[in-house]
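File shown: upload.cif. Contents: mmCIF, C-alpha atoms.
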```cif
data_query
loop_
_atom_site.group_PDB
_atom_site.id
_atom_site.type_symbol
_atom_site.label_atom_id
_atom_site.label_comp_id
_atom_site.auth_asym_id
_atom_site.auth_seq_id
_atom_site.Cartn_x
_atom_site.Cartn_y
_atom_site.Cartn_z
ATOM 1 C CA MET A 1071 0.000 0.000 0.000
ATOM 2 C CA SER A 1072 1.139 3.505 -0.731
ATOM 3 C CA ASP A 1073 2.074 5.905 2.069
ATOM 4 C CA GLY A 1074 -0.025 8.821 0.806
ATOM 5 C CA GLY A 1075 -3.467 8.676 -0.754
ATOM 6 C CA PHE A 1076 -4.752 5.217 -1.571
ATOM 7 C CA ARG A 1077 -5.987 3.955 -4.859
ATOM 8 C CA ILE A 1078 -9.333 2.571 -3.728
ATOM 9 C CA ALA A 1079 -11.524 0.275 -5.811
ATOM 10 C CA VAL A 1080 -15.220 0.133 -4.918
ATOM 11 C CA LEU A 1081 -17.120 -2.950 -6.074
ATOM 12 C CA GLY A 1082 -20.784 -1.966 -6.348
ATOM 13 C CA GLY A 1083 -22.578 1.022 -7.828
ATOM 14 C CA GLY A 1084 -25.665 1.079 -5.633
ATOM 15 C CA ALA A 1085 -26.501 3.764 -3.091
ATOM 16 C CA TRP A 1086 -23.974 2.650 -0.468
ATOM 17 C CA GLY A 1087 -21.214 1.927 -2.977
ATOM 18 C CA THR A 1088 -21.609 5.344 -4.588
ATOM 19 C CA ALA A 1089 -21.769 7.069 -1.198
ATOM 20 C CA LEU A 1090 -18.588 5.359 0.001
ATOM 21 C CA ALA A 1091 -16.838 6.179 -3.270
ATOM 22 C CA LEU A 1092 -17.694 9.837 -2.640
ATOM 23 C CA ALA A 1093 -16.466 9.574 0.959
ATOM 24 C CA MET A 1094 -13.156 8.071 -0.176
ATOM 25 C CA LEU A 1095 -12.776 10.787 -2.828
ATOM 26 C CA ARG A 1096 -13.305 13.457 -0.165
ATOM 27 C CA ALA A 1097 -10.705 11.727 2.032
ATOM 28 C CA GLY A 1098 -8.119 12.381 -0.693
ATOM 29 C CA HIS A 1099 -7.944 8.998 -2.391
ATOM 30 C CA ALA A 1100 -8.040 8.061 -6.075
ATOM 31 C CA VAL A 1101 -11.278 6.120 -6.542
ATOM 32 C CA SER A 1102 -12.459 3.639 -9.147
ATOM 33 C CA LEU A 1103 -15.922 2.085 -9.045
ATOM 34 C CA TRP A 1104 -17.177 -1.077 -10.705
ATOM 35 C CA ALA A 1105 -20.830 -1.753 -11.468
ATOM 36 C CA ARG A 1106 -22.519 -4.174 -13.849
ATOM 37 C CA ASP A 1107 -25.157 -1.677 -14.948
ATOM 38 C CA VAL A 1108 -23.993 0.421 -17.917
ATOM 39 C CA GLU A 1109 -26.575 3.128 -17.237
ATOM 40 C CA THR A 1110 -25.354 3.547 -13.636
ATOM 41 C CA VAL A 1111 -21.728 3.824 -14.767
ATOM 42 C CA GLU A 1112 -22.599 6.384 -17.416
ATOM 43 C CA ALA A 1113 -24.735 8.371 -14.958
ATOM 44 C CA ILE A 1114 -21.913 8.548 -12.407
ATOM 45 C CA GLY A 1115 -19.695 9.864 -15.187
ATOM 46 C CA ARG A 1116 -22.253 12.644 -15.693
ATOM 47 C CA GLY A 1117 -22.247 13.473 -11.972
ATOM 48 C CA GLU A 1118 -25.396 11.699 -10.814
ATOM 49 C CA ASN A 1119 -26.833 8.340 -9.821
ATOM 50 C CA PRO A 1120 -30.578 8.881 -10.256
ATOM 51 C CA ARG A 1121 -31.484 5.234 -9.768
ATOM 52 C CA TYR A 1122 -29.958 4.927 -6.298
ATOM 53 C CA LEU A 1123 -29.252 8.470 -5.040
ATOM 54 C CA PRO A 1124 -31.784 10.688 -6.798
ATOM 55 C CA GLY A 1125 -31.228 14.411 -6.419
ATOM 56 C CA ILE A 1126 -27.743 14.104 -4.908
ATOM 57 C CA PRO A 1127 -24.874 15.502 -7.030
ATOM 58 C CA ILE A 1128 -21.990 13.076 -7.553
ATOM 59 C CA GLU A 1129 -18.647 14.860 -7.507
ATOM 60 C CA HIS A 1130 -16.432 14.275 -10.521
ATOM 61 C CA GLY A 1131 -13.305 12.196 -10.026
ATOM 62 C CA ILE A 1132 -14.772 8.708 -9.562
ATOM 63 C CA ALA A 1133 -13.569 6.466 -12.398
ATOM 64 C CA ALA A 1134 -16.661 4.324 -12.977
ATOM 65 C CA THR A 1135 -16.438 1.253 -15.201
ATOM 66 C CA THR A 1136 -18.212 -1.999 -16.032
ATOM 67 C CA ASP A 1137 -14.830 -3.776 -16.344
ATOM 68 C CA ILE A 1138 -13.843 -5.277 -13.007
ATOM 69 C CA ALA A 1139 -10.213 -5.754 -14.087
ATOM 70 C CA THR A 1140 -9.907 -2.036 -14.847
ATOM 71 C CA ALA A 1141 -11.485 -1.080 -11.518
ATOM 72 C CA LEU A 1142 -9.109 -3.307 -9.537
ATOM 73 C CA SER A 1143 -5.915 -2.463 -11.436
ATOM 74 C CA GLY A 1144 -3.338 -0.923 -9.097
ATOM 75 C CA ALA A 1145 -5.708 -0.762 -6.126
ATOM 76 C CA ASP A 1146 -4.225 -0.389 -2.628
ATOM 77 C CA CYS A 1147 -7.542 -1.273 -1.009
ATOM 78 C CA VAL A 1148 -10.849 -2.743 -2.202
ATOM 79 C CA LEU A 1149 -14.290 -2.002 -0.760
ATOM 80 C CA ALA A 1150 -16.820 -4.767 -1.448
ATOM 81 C CA VAL A 1151 -20.191 -2.998 -1.476
ATOM 82 C CA VAL A 1152 -22.444 -5.601 -3.065
ATOM 83 C CA PRO A 1153 -25.413 -7.364 -1.397
ATOM 84 C CA ALA A 1154 -24.440 -10.123 1.003
ATOM 85 C CA GLN A 1155 -26.101 -12.817 -1.102
ATOM 86 C CA SER A 1156 -24.160 -11.685 -4.198
ATOM 87 C CA LEU A 1157 -20.742 -11.437 -2.516
ATOM 88 C CA ARG A 1158 -19.483 -14.934 -3.308
ATOM 89 C CA GLY A 1159 -20.149 -14.556 -7.028
ATOM 90 C CA VAL A 1160 -18.570 -11.105 -7.244
ATOM 91 C CA LEU A 1161 -15.441 -12.184 -5.368
ATOM 92 C CA ALA A 1162 -15.082 -15.209 -7.632
ATOM 93 C CA GLU A 1163 -15.248 -12.832 -10.608
ATOM 94 C CA ALA A 1164 -12.749 -10.454 -9.010
ATOM 95 C CA LYS A 1165 -10.271 -13.125 -7.899
ATOM 96 C CA ALA A 1166 -8.183 -13.217 -11.077
ATOM 97 C CA HIS A 1167 -7.736 -9.434 -10.987
ATOM 98 C CA MET A 1168 -7.361 -8.845 -7.247
ATOM 99 C CA PRO A 1169 -4.011 -7.236 -6.372
ATOM 100 C CA ALA A 1170 -2.024 -9.516 -4.081
ATOM 101 C CA GLY A 1171 -2.038 -8.717 -0.385
ATOM 102 C CA VAL A 1172 -4.294 -5.647 -0.455
ATOM 103 C CA PRO A 1173 -7.074 -5.456 2.148
ATOM 104 C CA LEU A 1174 -10.651 -6.293 1.181
ATOM 105 C CA VAL A 1175 -13.120 -4.246 3.241
ATOM 106 C CA LEU A 1176 -16.626 -5.661 3.553
ATOM 107 C CA CYS A 1177 -19.289 -2.952 3.481
ATOM 108 C CA ALA A 1178 -22.436 -5.106 3.184
ATOM 109 C CA LYS A 1179 -24.349 -6.552 6.138
ATOM 110 C CA GLY A 1180 -25.721 -10.058 6.198
ATOM 111 C CA ILE A 1181 -25.202 -13.794 6.545
ATOM 112 C CA GLU A 1182 -24.975 -16.037 3.493
ATOM 113 C CA ARG A 1183 -28.364 -17.689 3.174
ATOM 114 C CA ASP A 1184 -27.265 -21.067 1.796
ATOM 115 C CA THR A 1185 -24.249 -21.719 4.026
ATOM 116 C CA GLY A 1186 -24.774 -19.612 7.159
ATOM 117 C CA ALA A 1187 -21.306 -18.149 6.657
ATOM 118 C CA LEU A 1188 -20.362 -14.709 7.862
ATOM 119 C CA LEU A 1189 -19.083 -12.591 4.996
ATOM 120 C CA SER A 1190 -15.508 -12.542 6.319
ATOM 121 C CA SER A 1191 -15.443 -16.340 6.036
ATOM 122 C CA ILE A 1192 -16.376 -16.082 2.354
ATOM 123 C CA VAL A 1193 -13.455 -13.719 1.754
ATOM 124 C CA ALA A 1194 -11.073 -16.038 3.589
ATOM 125 C CA GLU A 1195 -12.249 -18.928 1.418
ATOM 126 C CA ILE A 1196 -12.044 -17.192 -1.971
ATOM 127 C CA LEU A 1197 -9.247 -14.659 -1.380
ATOM 128 C CA PRO A 1198 -7.005 -16.209 1.287
ATOM 129 C CA GLY A 1199 -4.112 -13.928 0.328
ATOM 130 C CA ASN A 1200 -6.014 -10.727 1.049
ATOM 131 C CA PRO A 1201 -6.546 -9.517 4.635
ATOM 132 C CA VAL A 1202 -10.202 -8.883 5.411
ATOM 133 C CA ALA A 1203 -11.757 -5.944 7.229
ATOM 134 C CA THR A 1204 -15.337 -4.785 7.675
ATOM 135 C CA LEU A 1205 -16.917 -1.334 7.793
ATOM 136 C CA SER A 1206 -20.223 -0.945 9.605
ATOM 137 C CA GLY A 1207 -22.221 1.389 11.792
ATOM 138 C CA PRO A 1208 -25.281 3.641 11.877
ATOM 139 C CA SER A 1209 -25.148 5.194 8.435
ATOM 140 C CA PHE A 1210 -27.536 5.953 5.614
ATOM 141 C CA ALA A 1211 -26.098 6.189 2.110
ATOM 142 C CA ALA A 1212 -27.875 9.473 1.363
ATOM 143 C CA ASP A 1213 -26.419 11.093 4.500
ATOM 144 C CA VAL A 1214 -22.877 10.014 3.651
ATOM 145 C CA ALA A 1215 -23.286 11.060 0.019
ATOM 146 C CA ARG A 1216 -24.461 14.511 1.132
ATOM 147 C CA GLY A 1217 -21.490 14.799 3.491
ATOM 148 C CA LEU A 1218 -23.589 14.813 6.667
ATOM 149 C CA PRO A 1219 -21.845 13.864 9.958
ATOM 150 C CA THR A 1220 -21.550 10.075 10.302
ATOM 151 C CA ALA A 1221 -19.531 7.728 12.515
ATOM 152 C CA VAL A 1222 -18.712 4.113 11.649
ATOM 153 C CA VAL A 1223 -16.402 1.299 12.757
ATOM 154 C CA VAL A 1224 -13.637 -0.354 10.736
ATOM 155 C CA ALA A 1225 -12.720 -3.781 12.112
ATOM 156 C CA ALA A 1226 -9.911 -6.181 11.238
ATOM 157 C CA THR A 1227 -8.363 -9.079 13.121
ATOM 158 C CA GLN A 1228 -5.027 -7.319 12.646
ATOM 159 C CA GLU A 1229 -5.490 -4.330 14.949
ATOM 160 C CA ALA A 1230 -2.812 -2.286 13.166
ATOM 161 C CA LEU A 1231 -4.662 -2.707 9.865
ATOM 162 C CA ALA A 1232 -7.942 -1.562 11.429
ATOM 163 C CA VAL A 1233 -6.262 1.528 12.877
ATOM 164 C CA ASP A 1234 -4.580 2.344 9.566
ATOM 165 C CA LEU A 1235 -7.760 1.954 7.516
ATOM 166 C CA ALA A 1236 -9.833 3.951 10.001
ATOM 167 C CA GLN A 1237 -7.358 6.815 9.811
ATOM 168 C CA ARG A 1238 -7.221 6.747 6.019
ATOM 169 C CA PHE A 1239 -10.989 6.551 5.562
ATOM 170 C CA SER A 1240 -11.781 9.358 8.005
ATOM 171 C CA ALA A 1241 -12.513 12.756 6.507
ATOM 172 C CA LEU A 1242 -14.597 15.835 7.184
ATOM 173 C CA ASN A 1243 -17.938 14.571 8.568
ATOM 174 C CA LEU A 1244 -16.911 10.896 8.400
ATOM 175 C CA ARG A 1245 -15.383 9.623 11.642
ATOM 176 C CA CYS A 1246 -14.056 6.056 11.636
ATOM 177 C CA TYR A 1247 -13.311 4.154 14.828
ATOM 178 C CA SER A 1248 -11.172 0.996 14.785
ATOM 179 C CA SER A 1249 -11.817 -2.441 16.266
ATOM 180 C CA ASP A 1250 -10.263 -5.893 16.204
ATOM 181 C CA ASP A 1251 -13.653 -7.592 16.743
ATOM 182 C CA VAL A 1252 -14.641 -8.546 13.190
ATOM 183 C CA THR A 1253 -17.173 -11.123 14.368
ATOM 184 C CA GLY A 1254 -18.960 -8.688 16.689
ATOM 185 C CA VAL A 1255 -19.159 -6.004 14.016
ATOM 186 C CA GLU A 1256 -20.476 -8.475 11.433
ATOM 187 C CA ILE A 1257 -23.109 -9.983 13.730
ATOM 188 C CA GLY A 1258 -24.358 -6.565 14.798
ATOM 189 C CA GLY A 1259 -24.653 -5.386 11.208
ATOM 190 C CA ALA A 1260 -26.397 -8.535 9.994
ATOM 191 C CA LEU A 1261 -28.930 -9.032 12.782
ATOM 192 C CA LYS A 1262 -30.012 -5.416 13.160
ATOM 193 C CA ASN A 1263 -31.630 -5.796 9.732
ATOM 194 C CA VAL A 1264 -33.892 -8.545 11.061
ATOM 195 C CA PHE A 1265 -34.893 -6.506 14.103
ATOM 196 C CA ALA A 1266 -35.552 -3.495 11.861
ATOM 197 C CA ILE A 1267 -38.095 -5.573 9.930
ATOM 198 C CA ALA A 1268 -39.719 -6.507 13.244
ATOM 199 C CA ALA A 1269 -39.865 -2.881 14.381
ATOM 200 C CA GLY A 1270 -41.286 -1.779 11.052
ATOM 201 C CA ALA A 1271 -43.921 -4.520 11.103
ATOM 202 C CA VAL A 1272 -45.068 -3.536 14.601
ATOM 203 C CA THR A 1273 -45.297 0.095 13.516
ATOM 204 C CA GLY A 1274 -47.088 -0.756 10.280
ATOM 205 C CA ALA A 1275 -49.609 -2.904 12.125
ATOM 206 C CA LYS A 1276 -50.313 0.054 14.468
ATOM 207 C CA LEU A 1277 -49.502 -1.907 17.603
ATOM 208 C CA GLY A 1278 -48.229 1.226 19.340
ATOM 209 C CA ALA A 1279 -45.020 2.963 20.335
ATOM 210 C CA SER A 1280 -44.739 0.864 23.494
ATOM 211 C CA ALA A 1281 -44.698 -2.348 21.454
ATOM 212 C CA GLN A 1282 -42.073 -0.899 19.126
ATOM 213 C CA ALA A 1283 -39.843 0.097 22.055
ATOM 214 C CA ALA A 1284 -40.209 -3.370 23.568
ATOM 215 C CA MET A 1285 -39.383 -4.985 20.228
ATOM 216 C CA VAL A 1286 -36.177 -2.977 19.825
ATOM 217 C CA THR A 1287 -35.073 -3.477 23.430
ATOM 218 C CA ARG A 1288 -35.700 -7.205 23.465
ATOM 219 C CA GLY A 1289 -34.129 -7.422 20.015
ATOM 220 C CA PHE A 1290 -30.958 -5.972 21.478
ATOM 221 C CA ALA A 1291 -31.086 -8.617 24.221
ATOM 222 C CA GLU A 1292 -31.169 -11.285 21.504
ATOM 223 C CA LEU A 1293 -28.318 -9.582 19.679
ATOM 224 C CA ARG A 1294 -26.195 -9.694 22.836
ATOM 225 C CA ARG A 1295 -26.987 -13.371 23.447
ATOM 226 C CA ILE A 1296 -26.099 -14.372 19.905
ATOM 227 C CA GLY A 1297 -23.008 -12.198 19.811
ATOM 228 C CA THR A 1298 -21.763 -13.647 23.091
ATOM 229 C CA ALA A 1299 -22.292 -17.189 21.794
ATOM 230 C CA PHE A 1300 -20.074 -16.393 18.798
ATOM 231 C CA GLY A 1301 -17.354 -14.686 20.835
ATOM 232 C CA ALA A 1302 -18.210 -11.042 20.155
ATOM 233 C CA LYS A 1303 -16.976 -8.462 22.635
ATOM 234 C CA PRO A 1304 -19.659 -6.801 24.798
ATOM 235 C CA GLU A 1305 -18.296 -3.326 24.009
ATOM 236 C CA THR A 1306 -18.686 -4.009 20.278
ATOM 237 C CA LEU A 1307 -22.348 -4.906 20.684
ATOM 238 C CA MET A 1308 -22.896 -1.782 22.814
ATOM 239 C CA GLY A 1309 -21.149 0.404 20.244
ATOM 240 C CA LEU A 1310 -21.802 1.930 16.840
ATOM 241 C CA SER A 1311 -21.995 -1.335 14.886
ATOM 242 C CA GLY A 1312 -24.344 -2.935 17.424
ATOM 243 C CA LEU A 1313 -26.702 -0.772 19.466
ATOM 244 C CA GLY A 1314 -26.034 2.330 17.353
ATOM 245 C CA ASP A 1315 -26.921 0.670 14.065
ATOM 246 C CA LEU A 1316 -29.909 -1.076 15.647
ATOM 247 C CA LEU A 1317 -31.400 2.186 16.918
ATOM 248 C CA LEU A 1318 -30.985 3.923 13.566
ATOM 249 C CA SER A 1319 -32.387 1.081 11.491
ATOM 250 C CA CYS A 1320 -35.378 0.535 13.774
ATOM 251 C CA SER A 1321 -36.501 4.157 13.787
ATOM 252 C CA SER A 1322 -36.397 5.548 10.258
ATOM 253 C CA THR A 1323 -38.138 4.906 6.952
ATOM 254 C CA GLN A 1324 -34.744 5.567 5.325
ATOM 255 C CA SER A 1325 -33.910 2.038 6.473
ATOM 256 C CA ARG A 1326 -34.880 -0.411 3.736
ATOM 257 C CA ASN A 1327 -35.474 -3.098 6.348
ATOM 258 C CA PHE A 1328 -37.697 -0.904 8.511
ATOM 259 C CA GLY A 1329 -39.537 0.167 5.347
ATOM 260 C CA TYR A 1330 -40.013 -3.480 4.346
ATOM 261 C CA GLY A 1331 -41.419 -4.299 7.772
ATOM 262 C CA LEU A 1332 -43.649 -1.234 7.623
ATOM 263 C CA ALA A 1333 -45.148 -2.406 4.325
ATOM 264 C CA LEU A 1334 -45.494 -5.913 5.745
ATOM 265 C CA GLY A 1335 -47.367 -4.611 8.776
ATOM 266 C CA ARG A 1336 -49.687 -2.527 6.606
ATOM 267 C CA GLY A 1337 -50.450 -5.462 4.353
ATOM 268 C CA GLU A 1338 -48.969 -3.730 1.301
ATOM 269 C CA ALA A 1339 -47.526 -5.496 -1.731
ATOM 270 C CA LEU A 1340 -43.879 -6.412 -1.206
ATOM 271 C CA ALA A 1341 -42.919 -7.255 -4.789
ATOM 272 C CA GLY A 1342 -40.605 -4.725 -6.355
ATOM 273 C CA ARG A 1343 -39.534 -3.124 -3.095
ATOM 274 C CA PRO A 1344 -35.856 -2.162 -2.623
ATOM 275 C CA LEU A 1345 -33.577 -4.945 -1.422
ATOM 276 C CA ALA A 1346 -33.940 -5.648 2.307
ATOM 277 C CA GLU A 1347 -30.993 -7.778 3.469
ATOM 278 C CA GLY A 1348 -32.902 -8.729 6.618
ATOM 279 C CA VAL A 1349 -35.226 -10.976 4.606
ATOM 280 C CA PRO A 1350 -32.681 -13.691 3.681
ATOM 281 C CA THR A 1351 -30.788 -13.113 6.921
ATOM 282 C CA ALA A 1352 -33.875 -13.837 9.059
ATOM 283 C CA ALA A 1353 -34.267 -17.375 7.744
ATOM 284 C CA ILE A 1354 -30.641 -18.392 8.155
ATOM 285 C CA ALA A 1355 -30.310 -16.645 11.534
ATOM 286 C CA ALA A 1356 -33.407 -18.475 12.796
ATOM 287 C CA ARG A 1357 -31.926 -21.780 11.652
ATOM 288 C CA ILE A 1358 -28.537 -21.110 13.241
ATOM 289 C CA THR A 1359 -29.964 -20.011 16.591
ATOM 290 C CA ALA A 1360 -32.307 -23.008 16.688
ATOM 291 C CA GLU A 1361 -29.477 -25.436 15.909
ATOM 292 C CA GLN A 1362 -27.282 -23.904 18.591
ATOM 293 C CA ALA A 1363 -30.103 -23.614 21.162
ATOM 294 C CA ILE A 1364 -29.742 -19.825 21.432
ATOM 295 C CA ASP A 1365 -32.917 -18.150 22.662
ATOM 296 C CA ALA A 1366 -33.936 -15.819 19.820
ATOM 297 C CA PRO A 1367 -37.746 -15.591 19.738
ATOM 298 C CA ILE A 1368 -37.952 -12.332 17.754
ATOM 299 C CA ILE A 1369 -35.706 -13.644 14.994
ATOM 300 C CA ALA A 1370 -37.763 -16.858 14.883
ATOM 301 C CA ALA A 1371 -40.961 -14.811 14.730
ATOM 302 C CA VAL A 1372 -39.701 -12.616 11.864
ATOM 303 C CA ALA A 1373 -38.632 -15.702 9.899
ATOM 304 C CA ALA A 1374 -42.051 -17.279 10.446
ATOM 305 C CA ILE A 1375 -43.876 -14.106 9.360
ATOM 306 C CA LEU A 1376 -41.775 -13.808 6.213
ATOM 307 C CA ASP A 1377 -42.391 -17.478 5.468
ATOM 308 C CA GLY A 1378 -46.140 -16.920 5.782
ATOM 309 C CA ALA A 1379 -46.417 -19.381 8.669
ATOM 310 C CA VAL A 1380 -47.937 -16.832 11.089
ATOM 311 C CA THR A 1381 -49.431 -13.365 10.946
ATOM 312 C CA ILE A 1382 -47.909 -10.384 12.710
ATOM 313 C CA ASN A 1383 -50.634 -10.349 15.334
ATOM 314 C CA GLU A 1384 -50.201 -14.072 15.958
ATOM 315 C CA ALA A 1385 -46.441 -13.654 16.298
ATOM 316 C CA VAL A 1386 -46.793 -10.753 18.750
ATOM 317 C CA ALA A 1387 -49.373 -12.686 20.770
ATOM 318 C CA ALA A 1388 -46.981 -15.628 21.009
ATOM 319 C CA LEU A 1389 -44.143 -13.349 22.135
ATOM 320 C CA MET A 1390 -46.366 -11.734 24.773
ATOM 321 C CA SER A 1391 -47.434 -15.107 26.161
ATOM 322 C CA ARG A 1392 -43.937 -16.515 26.628
ATOM 323 C CA PRO A 1393 -43.130 -17.628 30.191
ATOM 324 C CA LEU A 1394 -42.224 -14.721 32.459
ATOM 325 C CA LYS A 1395 -38.609 -14.490 33.602
ATOM 326 C CA PRO A 1396 -36.098 -11.972 34.950
ATOM 327 C CA GLU A 1397 -34.944 -9.419 32.396
ATOM 328 C CA ASP A 1398 -31.605 -10.352 30.827
#
```
What's the structure tokens form of this structure?
Amino acid sequence: MSDGGFRIAVLGGGAWGTALALAMLRAGHAVSLWARDVETVEAIGRGENPRYLPGIPIEHGIAATTDIATALSGADCVLAVVPAQSLRGVLAEAKAHMPAGVPLVLCAKGIERDTGALLSSIVAEILPGNPVATLSGPSFAADVARGLPTAVVVAATQEALAVDLAQRFSALNLRCYSSDDVTGVEIGGALKNVFAIAAGAVTGAKLGASAQAAMVTRGFAELRRIGTAFGAKPETLMGLSGLGDLLLSCSSTQSRNFGYGLALGRGEALAGRPLAEGVPTAAIAARITAEQAIDAPIIAAVAAILDGAVTINEAVAALMSRPLKPED
């Protein structure tokens, strides 16, 4: 890696990929961006991304391309900003062009539906020669793209790498903290999407602010139990990538997952809605927690609702009738 500004390659031209490309540009780095969609690439070249960030000007300087080899050429660092369920395929496509030894920073949140693998495990499997890091926290793409104040966490098992990346990524109105708890950051980012669907569904079904507060609070209790079972640090779960991201995602219609739950609770059509990563994550998270005997009733309820096995009211009634116990 170079000592001055990085050459950063961003894989993904959606809202979050474009926003992070802008953030890296503002931090003084040379930025390339790869996307499959020709129209998106051409639009970014014109200074806009109307499909994903309508009305937000895109500063010139991002070298957008549909050729992944061109995007990765000479990169000092790669940000993978594609949906969790698409990551394996994109990394397999990138493998032949990936510069040796450069860090791969995961910027999506989820668990692979078919295997139950955390995203860092997928990187280790496909790109064993590239150190893996993850970037997560309470952040909306539109806010970052507009340059509004945002704080996130950059985690890597190599603490020195996390510190270095956090320093390099930080810029005016983007504050990056470092962590060596990759697992904790990944679990927080993945599961908050499921709880955001639950919070949105409760709100959409007009079950009241008290029910929504209970759903978020008890969701955080589940998050802590699951995180602890997988070796996450308590301070990670209490921090930006855990509690912080949970609170943001469970309280705003800017959250795709909250918006999905809202539509679900209102009985609206779900076809054609923006991607909500919590949908595939709910099913695999419910399976994992059941197999490992981790008490996760909200996750199980969300998975059952999405599967059509129960209604929202039936799921809430079942949660309310669970045996009473001390608060954990």
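Neighbours of stretch 1298-1315 of chain A closer than or equal to 6 Å, with only C-alpha atoms counted and sequence neighbours fewer than 5 positions away skipped, come out as Ser1206, Gly1207, Pro1208, Thr1253, Gly1254, Val1255 and Gly1258 of chain A.
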Those selected residues, please, written with C-alpha atoms and delivered as a compact mmCIF listing (two decimals), in the coordinates of the input.
```txt
# COMPACT_ATOMS: atom_id res chain seq x y z
CA SER A 1206 -20.22 -0.94 9.60
CA GLY A 1207 -22.22 1.39 11.79
CA PRO A 1208 -25.28 3.64 11.88
CA THR A 1253 -17.17 -11.12 14.37
CA GLY A 1254 -18.96 -8.69 16.69
CA VAL A 1255 -19.16 -6.00 14.02
CA GLY A 1258 -24.36 -6.56 14.80
```
task: Might you spell out which residues the PyMOL selection byres ((chain A and resi 1156-1160) around 12) would select in the displayed file, as a ChimeraX atom specification?
output: /A:1080-1082,1104-1106,1138,1149-1155,1161-1168,1174-1185,1187-1197,1345,1347,1350
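For the set A:Asn1243, A:Asn1383, A:Ser1249, A:Thr1351, the residue with the smallest atom-to-atom gap to A:Leu1205 is A:Ser1249, counting all atoms listed in the file.
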task: Spell out the residues picked by the PyMOL selection byres ((chain A and resi 1131-1135) around 8) here, as number ranges by chain.
output: A: 1091-1092, 1095, 1100-1105, 1111-1112, 1114-1115, 1129-1130, 1136-1138, 1140-1141
Suppose we keep C-alpha atoms; can you now write the selection as a PDB file, in the frame of the given file?
```
ATOM      1  CA  ALA A1091     -16.838   6.179  -3.270  1.00  0.00           C
ATOM      2  CA  LEU A1092     -17.694   9.837  -2.640  1.00  0.00           C
ATOM      3  CA  LEU A1095     -12.776  10.787  -2.828  1.00  0.00           C
ATOM      4  CA  ALA A1100      -8.040   8.061  -6.075  1.00  0.00           C
ATOM      5  CA  VAL A1101     -11.278   6.120  -6.542  1.00  0.00           C
ATOM      6  CA  SER A1102     -12.459   3.639  -9.147  1.00  0.00           C
ATOM      7  CA  LEU A1103     -15.922   2.085  -9.045  1.00  0.00           C
ATOM      8  CA  TRP A1104     -17.177  -1.077 -10.705  1.00  0.00           C
ATOM      9  CA  ALA A1105     -20.830  -1.753 -11.468  1.00  0.00           C
ATOM     10  CA  VAL A1111     -21.728   3.824 -14.767  1.00  0.00           C
ATOM     11  CA  GLU A1112     -22.599   6.384 -17.416  1.00  0.00           C
ATOM     12  CA  ILE A1114     -21.913   8.548 -12.407  1.00  0.00           C
ATOM     13  CA  GLY A1115     -19.695   9.864 -15.187  1.00  0.00           C
ATOM     14  CA  GLU A1129     -18.647  14.860  -7.507  1.00  0.00           C
ATOM     15  CA  HIS A1130     -16.432  14.275 -10.521  1.00  0.00           C
ATOM     16  CA  THR A1136     -18.212  -1.999 -16.032  1.00  0.00           C
ATOM     17  CA  ASP A1137     -14.830  -3.776 -16.344  1.00  0.00           C
ATOM     18  CA  ILE A1138     -13.843  -5.277 -13.007  1.00  0.00           C
ATOM     19  CA  THR A1140      -9.907  -2.036 -14.847  1.00  0.00           C
ATOM     20  CA  ALA A1141     -11.485  -1.080 -11.518  1.00  0.00           C
TER      21      ALA A1141
END
```
Determine, counting all atoms listed in the file, which protein, DNA and RNA residues have an atom within 9 Å of an atom of A:Val1286; residues of the same chain fewer than 5 positions away are not included. Present the result as an mmCIF file with C-alpha atoms, in the coordinates of the input.
```cif
data_model
loop_
_atom_site.group_PDB
_atom_site.id
_atom_site.type_symbol
_atom_site.label_atom_id
_atom_site.label_comp_id
_atom_site.auth_asym_id
_atom_site.auth_seq_id
_atom_site.Cartn_x
_atom_site.Cartn_y
_atom_site.Cartn_z
ATOM 1 C CA PHE A 1265 -34.893 -6.506 14.103
ATOM 2 C CA ALA A 1266 -35.552 -3.495 11.861
ATOM 3 C CA ALA A 1268 -39.719 -6.507 13.244
ATOM 4 C CA ALA A 1269 -39.865 -2.881 14.381
ATOM 5 C CA ALA A 1281 -44.698 -2.348 21.454
ATOM 6 C CA ALA A 1291 -31.086 -8.617 24.221
ATOM 7 C CA LEU A 1316 -29.909 -1.076 15.647
ATOM 8 C CA LEU A 1317 -31.400 2.186 16.918
ATOM 9 C CA CYS A 1320 -35.378 0.535 13.774
#
```
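Those residues that approach A:Met1390 to within 12 Å, counting only C-alpha atoms, are Ala1281, Ala1284, Met1285, Arg1288, Pro1367, Ile1368, Ala1371, Asn1383, Glu1384, Ala1385, Val1386 and Leu1394 of chain A; same-chain residues fewer than 4 positions away are not listed.
Interatomic distance, atom CA of A:Ala1093 to atom CA of A:Ser1240: 8.5 Å.
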- prompt: Out of A:Ala1232, A:Leu1090, A:Ala1366, A:Ala1360, which residue has the shortest atom-to-atom distance to A:Phe1290 when counting all atoms listed in the file?
  reply: A:Ala1366
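Candidate residues A:Val1224, A:Ala1388, A:Ala1356, A:Ile1364 were compared for distance to A:Val1252, and the nearest is A:Val1224, using all atoms listed in the file.
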Need the axis-aligned box for stretch 1211-1218 of chain A with 8 Å each side, so what are the centre and edges in Å to one decimal, as lines of an AutoDock Vina configuration file?
```
center_x = -24.7
center_y = 10.5
center_z = 3.3
size_x = 22.4
size_y = 24.6
size_z = 22.6
```
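If you count all atoms listed in the file and ignore residues fewer than 6 places along the chain from A:Arg1216, what sits within 9 Å of it is Ala1089, Ile1126 and Pro1127 of chain A.
Between atom CA of A:Glu1256 and atom CA of A:Gly1348 the separation is 13.3 Å.
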task: Given the file shown, determine the residues that the PyMOL selection byres ((chain A and resi 1237) around 12) selects; report them as a ChimeraX atom specification.
output: /A:1074-1076,1094,1097-1098,1222-1224,1230-1236,1238-1242,1244-1248
